[in-house]
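Colleague: So here's entry.txt (compact mmCIF, C-alpha atoms).
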```
# COMPACT_ATOMS: atom_id res chain seq x y z
CA GLY A 1 0.00 0.00 0.00
CA ALA A 2 0.83 3.72 0.09
CA VAL A 3 1.98 4.07 -3.49
CA VAL A 4 2.65 7.49 -4.98
CA SER A 5 3.07 8.07 -8.69
CA GLN A 6 4.37 11.03 -10.65
CA HIS A 7 3.90 11.97 -14.24
CA PRO A 8 5.83 12.58 -16.35
CA SER A 9 9.02 10.87 -15.24
CA ARG A 10 11.09 12.99 -17.59
CA VAL A 11 10.37 16.17 -19.48
CA ILE A 12 12.46 18.36 -21.74
CA CYS A 13 11.10 21.76 -22.64
CA LYS A 14 12.19 25.01 -24.19
CA SER A 15 12.93 28.05 -22.12
CA GLY A 16 9.82 30.15 -21.53
CA THR A 17 7.33 27.32 -21.62
CA SER A 18 5.34 25.95 -18.70
CA VAL A 19 5.48 22.39 -17.46
CA LYS A 20 2.92 20.58 -15.31
CA ILE A 21 3.90 17.69 -13.06
CA GLU A 22 1.28 15.45 -11.48
CA CYS A 23 1.56 13.65 -8.17
CA ARG A 24 -1.01 10.98 -7.35
CA SER A 25 -1.62 8.80 -4.34
CA LEU A 26 -2.81 5.55 -5.89
CA ASP A 27 -4.25 3.59 -3.01
CA PHE A 28 -4.85 6.10 -0.26
CA GLN A 29 -6.17 9.59 0.31
CA ALA A 30 -3.63 12.28 0.96
CA THR A 31 -4.79 15.50 2.55
CA THR A 32 -1.22 16.77 2.51
CA MET A 33 1.41 16.43 -0.17
CA PHE A 34 4.87 17.95 -0.31
CA TRP A 35 6.94 19.09 -3.25
CA TYR A 36 10.71 18.83 -3.12
CA ARG A 37 13.50 19.83 -5.43
CA GLN A 38 16.72 17.86 -5.62
CA PHE A 39 19.83 18.99 -7.47
CA PRO A 40 22.36 16.36 -8.58
CA LYS A 41 24.16 14.75 -5.66
CA GLN A 42 22.39 17.06 -3.22
CA SER A 43 19.70 16.78 -0.64
CA LEU A 44 15.94 17.23 -0.91
CA MET A 45 14.82 20.79 -0.42
CA LEU A 46 11.20 21.34 0.56
CA MET A 47 9.55 23.77 -1.81
CA ALA A 48 5.95 23.82 -0.66
CA THR A 49 3.23 22.01 1.21
CA SER A 50 0.09 21.20 -0.73
CA ASN A 51 -3.15 20.90 1.22
CA GLU A 52 -6.32 19.58 -0.37
CA GLY A 53 -8.91 22.29 -0.75
CA SER A 54 -6.71 25.16 0.36
CA LYS A 55 -3.81 27.24 -0.85
CA ALA A 56 -0.36 25.78 -0.80
CA THR A 57 2.20 27.10 1.66
CA TYR A 58 5.59 27.90 0.21
CA GLU A 59 8.99 27.78 1.82
CA GLN A 60 11.07 30.89 2.11
CA GLY A 61 12.68 31.79 -1.18
CA VAL A 62 10.29 29.78 -3.35
CA GLU A 63 8.26 31.94 -5.72
CA LYS A 64 4.62 30.97 -5.59
CA ASP A 65 3.91 32.58 -8.97
CA LYS A 66 6.74 30.57 -10.49
CA PHE A 67 5.76 27.24 -8.99
CA LEU A 68 1.99 26.94 -9.06
CA ILE A 69 0.52 24.20 -6.92
CA ASN A 70 -2.99 22.86 -7.09
CA HIS A 71 -4.38 20.14 -4.80
CA ALA A 72 -7.87 19.71 -6.15
CA SER A 73 -8.59 16.25 -4.80
CA LEU A 74 -7.47 13.90 -2.08
CA THR A 75 -5.39 11.93 -4.56
CA LEU A 76 -3.90 14.53 -6.88
CA SER A 77 -1.56 17.49 -6.53
CA THR A 78 -0.01 19.28 -9.48
CA LEU A 79 3.07 21.47 -9.72
CA THR A 80 3.33 23.81 -12.67
CA VAL A 81 6.68 25.40 -13.40
CA THR A 82 5.77 28.57 -15.24
CA SER A 83 8.01 30.26 -17.80
CA ALA A 84 10.70 27.68 -17.17
CA HIS A 85 14.37 28.63 -17.49
CA PRO A 86 17.50 26.47 -17.56
CA GLU A 87 18.10 27.12 -13.85
CA ASP A 88 14.79 25.39 -13.13
CA SER A 89 16.25 22.14 -14.43
CA SER A 90 16.17 19.73 -11.54
CA PHE A 91 14.65 16.56 -10.10
CA TYR A 92 11.24 17.31 -8.61
CA ILE A 93 9.86 14.81 -6.11
CA CYS A 94 6.52 14.79 -4.36
CA SER A 95 5.56 12.99 -1.22
CA ALA A 96 2.25 12.31 0.46
CA LEU A 97 1.03 11.80 3.98
CA THR A 98 -1.65 9.24 4.64
CA SER A 99 -4.77 10.42 6.41
CA GLY A 100 -4.01 8.15 9.34
CA GLY A 101 -2.08 10.85 11.10
CA THR A 102 1.31 9.17 10.98
CA ASP A 103 4.49 11.06 10.18
CA GLU A 104 5.69 8.83 7.37
CA GLN A 105 5.95 10.46 3.96
CA PHE A 106 5.62 8.27 0.89
CA PHE A 107 7.61 9.55 -2.05
CA GLY A 108 6.85 9.56 -5.72
CA PRO A 109 9.48 8.40 -8.23
CA GLY A 110 10.38 11.93 -9.21
CA THR A 111 10.31 13.98 -12.40
CA ARG A 112 13.47 15.06 -14.11
CA LEU A 113 12.97 18.43 -15.75
CA THR A 114 15.44 19.71 -18.32
CA VAL A 115 14.92 23.21 -19.66
CA LEU A 116 16.86 23.99 -22.82
CA GLY B 1 16.94 28.57 10.68
CA GLU B 2 16.62 24.85 11.29
CA ASN B 3 19.46 22.73 10.04
CA VAL B 4 20.45 19.07 9.82
CA GLU B 5 24.08 18.17 9.33
CA GLN B 6 25.09 14.73 8.10
CA HIS B 7 28.47 13.02 8.09
CA PRO B 8 30.29 11.53 6.33
CA SER B 9 29.38 12.58 2.81
CA THR B 10 30.88 9.38 1.42
CA LEU B 11 31.56 6.06 3.11
CA SER B 12 33.23 3.00 1.66
CA VAL B 13 33.18 -0.27 3.60
CA GLN B 14 34.04 -3.87 2.90
CA GLU B 15 31.14 -6.28 2.60
CA GLY B 16 30.31 -7.66 6.03
CA ASP B 17 31.62 -4.65 7.92
CA SER B 18 29.43 -2.14 9.73
CA ALA B 19 28.57 1.35 8.54
CA VAL B 20 27.65 4.30 10.74
CA ILE B 21 26.19 7.59 9.55
CA LYS B 22 25.72 10.47 11.95
CA CYS B 23 23.41 13.48 11.96
CA THR B 24 22.91 16.47 14.19
CA TYR B 25 19.93 18.76 14.23
CA SER B 26 19.38 22.25 15.54
CA ASP B 27 15.67 22.49 16.35
CA SER B 28 15.07 21.24 19.87
CA ALA B 29 11.37 20.85 19.03
CA SER B 30 12.09 18.16 16.42
CA ASN B 31 10.44 14.90 17.47
CA TYR B 32 10.53 12.61 14.45
CA PHE B 33 13.71 11.35 12.77
CA PRO B 34 13.41 9.17 9.66
CA TRP B 35 16.17 7.69 7.54
CA TYR B 36 15.74 7.27 3.80
CA LYS B 37 17.66 5.21 1.26
CA GLN B 38 17.80 6.52 -2.29
CA GLU B 39 19.23 4.57 -5.18
CA LEU B 40 20.37 6.44 -8.26
CA GLY B 41 17.45 8.06 -10.05
CA LYS B 42 14.93 6.44 -7.73
CA ARG B 43 12.59 7.66 -5.03
CA PRO B 44 13.69 7.87 -1.38
CA GLN B 45 12.53 4.84 0.61
CA LEU B 46 12.00 4.94 4.36
CA ILE B 47 14.22 2.35 6.02
CA ILE B 48 13.76 3.18 9.67
CA ASP B 49 12.54 6.01 11.85
CA ILE B 50 12.61 6.97 15.49
CA ARG B 51 10.60 9.31 17.66
CA SER B 52 11.84 11.49 20.44
CA ASN B 53 10.44 9.33 23.22
CA VAL B 54 12.69 6.43 22.21
CA GLY B 55 16.47 6.22 22.44
CA GLU B 56 17.10 3.29 20.12
CA LYS B 57 15.29 1.24 17.54
CA LYS B 58 16.41 -1.82 15.63
CA ASP B 59 15.13 -3.63 12.57
CA GLN B 60 17.24 -6.63 11.57
CA ARG B 61 20.59 -5.24 10.33
CA ILE B 62 19.58 -1.61 10.73
CA ALA B 63 19.47 0.37 13.95
CA VAL B 64 19.01 4.02 14.82
CA THR B 65 20.04 5.76 18.03
CA LEU B 66 18.89 9.14 19.26
CA ASN B 67 20.47 11.43 21.84
CA LYS B 68 18.03 14.27 22.38
CA THR B 69 20.26 16.10 24.82
CA ALA B 70 23.07 16.30 22.30
CA LYS B 71 20.70 16.52 19.32
CA HIS B 72 22.44 13.63 17.63
CA PHE B 73 21.04 10.62 15.86
CA SER B 74 22.85 7.87 14.02
CA LEU B 75 22.18 5.06 11.58
CA HIS B 76 23.97 1.77 12.06
CA ILE B 77 24.05 -0.90 9.37
CA THR B 78 25.65 -4.20 10.34
CA GLU B 79 26.84 -7.01 8.08
CA THR B 80 26.72 -4.73 5.06
CA GLN B 81 25.93 -6.16 1.65
CA PRO B 82 26.60 -4.75 -1.84
CA GLU B 83 22.88 -4.02 -2.23
CA ASP B 84 23.15 -1.61 0.69
CA SER B 85 25.10 0.69 -1.61
CA ALA B 86 23.02 3.85 -2.08
CA VAL B 87 22.67 7.38 -0.78
CA TYR B 88 21.25 7.63 2.72
CA PHE B 89 19.49 10.74 4.02
CA CYS B 90 18.64 11.54 7.58
CA ALA B 91 15.83 13.97 8.33
CA ALA B 92 14.33 15.74 11.30
CA SER B 93 10.83 17.05 11.69
CA ARG B 94 10.41 20.81 11.85
CA GLY B 95 9.43 22.28 15.15
CA ASP B 96 6.63 24.26 13.54
CA SER B 97 5.15 21.15 11.96
CA SER B 98 5.82 17.55 12.76
CA TYR B 99 4.98 16.62 9.20
CA LYS B 100 7.56 18.83 7.51
CA LEU B 101 11.05 17.42 7.26
CA ILE B 102 14.50 18.93 7.02
CA PHE B 103 16.89 16.61 5.23
CA GLY B 104 20.58 16.12 5.77
CA SER B 105 22.96 16.43 2.86
CA GLY B 106 23.19 12.68 2.29
CA THR B 107 25.83 9.97 2.61
CA ARG B 108 26.91 7.97 -0.37
CA LEU B 109 27.58 4.46 0.91
CA LEU B 110 29.60 2.03 -1.16
CA VAL B 111 29.86 -1.57 -0.01
CA ARG B 112 32.77 -3.30 -1.72
CA PRO B 113 32.25 -7.00 -2.44
```
Please express the file's structure as structure tokens.
Modeller:
Amino acid sequence: GAVVSQHPSRVICKSGTSVKIECRSLDFQATTMFWYRQFPKQSLMLMATSNEGSKATYEQGVEKDKFLINHASLTLSTLTVTSAHPEDSSFYICSALTSGGTDEQFFGPGTRLTVL
Amino acid sequence: GENVEQHPSTLSVQEGDSAVIKCTYSDSASNYFPWYKQELGKRPQLIIDIRSNVGEKKDQRIAVTLNKTAKHFSLHITETQPEDSAVYFCAASRGDSSYKLIFGSGTRLLVRP
């Protein structure tokens, strides 16, 4: 149980375009999902917390107009990188909390974004 | 701000030996400390976690110890195997939210056959 999927797994786009990444909890409901960014050989940096039915909360230094987050249902959160630039190239990983109130985060497989 | 430091950044051990990875955290309100294993290009997988009301936890070859006074916690892997080779991340919950995690910088473990 507790499987999280992400789509797409890889995306290459031109500078200035927008890219949408989906994060789905497949076999459980997730009231809270997290979005992380991971640069090569570095740690996971929390970008924002996505709460179903309410606005996402962003970490300091993360532009909310640049990284749009929508959590429209208990099983889906989306991250849209708007007007992407080469410096946005990174590995984006989501995680989800189960509704059981435990601390464990279940991670998606990640999306590798390359902006040309 | 809150910070989690992890050492060493790389660790090479002979198969069968033990491996120890250490982390320190700064937020005294942290109360949940998970450890994740991440293979190249894959998702992080929880391997063990510990909460602040416990000093030690063991699961087969893996154990975690926590010293709340010193704000230290460590991962111990015994009888290492080549398939243990991966990057390991420690994390600590944020004091303002037990569900938000601060990750350490990672340890690349190589187990030589």
Colleague: Ranking A:Ala2, A:Met45, A:Val81, A:Cys23 by minimum distance to Ala91 (chain B) and counting all atoms listed in the file, which one comes first?
Modeller: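 The answer is A:Met45, which sits nearest to Ala91 (chain B).
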Colleague: Select, as a ChimeraX atom specification, those residues of chain B with any atom no more than 6 Å from chain A (distances computed using all atoms listed in the file).
Modeller: /B:42-43,99,105
Colleague: Nearest to Ala86 (chain B): which of B:Val4, B:Val20, B:Ala29, B:Val111 is it, counting all atoms listed in the file?
Modeller: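 Under the stated criterion, the closest residue is B:Val111.
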Colleague: What's the 10 Å shell around Ser52 (chain B), counting all atoms listed in the file, without same-chain residues fewer than 5 positions away, as a ChimeraX atom specification?
Modeller: /B:29-33,66-68
Colleague: Filtering to C-alpha atoms, could you give me those residues as a PDB file, in the frame of the given file?
Modeller:
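Okay, this is what ended up in part.pdb:
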```
ATOM      1  CA  ALA B  29      11.370  20.850  19.030  1.00  0.00           C
ATOM      2  CA  SER B  30      12.090  18.160  16.420  1.00  0.00           C
ATOM      3  CA  ASN B  31      10.440  14.900  17.470  1.00  0.00           C
ATOM      4  CA  TYR B  32      10.530  12.610  14.450  1.00  0.00           C
ATOM      5  CA  PHE B  33      13.710  11.350  12.770  1.00  0.00           C
ATOM      6  CA  LEU B  66      18.890   9.140  19.260  1.00  0.00           C
ATOM      7  CA  ASN B  67      20.470  11.430  21.840  1.00  0.00           C
ATOM      8  CA  LYS B  68      18.030  14.270  22.380  1.00  0.00           C
TER       9      LYS B  68
END
```
Colleague: Using only C-alpha atoms, pick whichever of A:Ile21, A:Ala84, A:Ala56, A:Ala30 has the shortest atom-to-atom distance to Thr114 (chain A).
Modeller: A:Ala84
Colleague: What is the distance between CA of Lys66 (chain A) and CA of Glu2 (chain B), in Å to one decimal?
Modeller: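 Spanning CA of Lys66 (chain A) to CA of Glu2 (chain B) is a straight-line distance of 24.6 Å.
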Colleague: Figure out the distance between CA of Ser18 (chain A) and CA of Thr82 (chain A), please, to one decimal in Å.
Modeller: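 So the two atoms, CA of Thr82 (chain A) and CA of Ser18 (chain A), lie 4.4 Å apart.
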Colleague: Restricting the calculation to all atoms listed in the file, which member of A:Arg24, A:Gly16, A:Leu74, A:Asp65 is positioned closest to Glu87 (chain A)?
Modeller: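 Closest candidate: A:Gly16.
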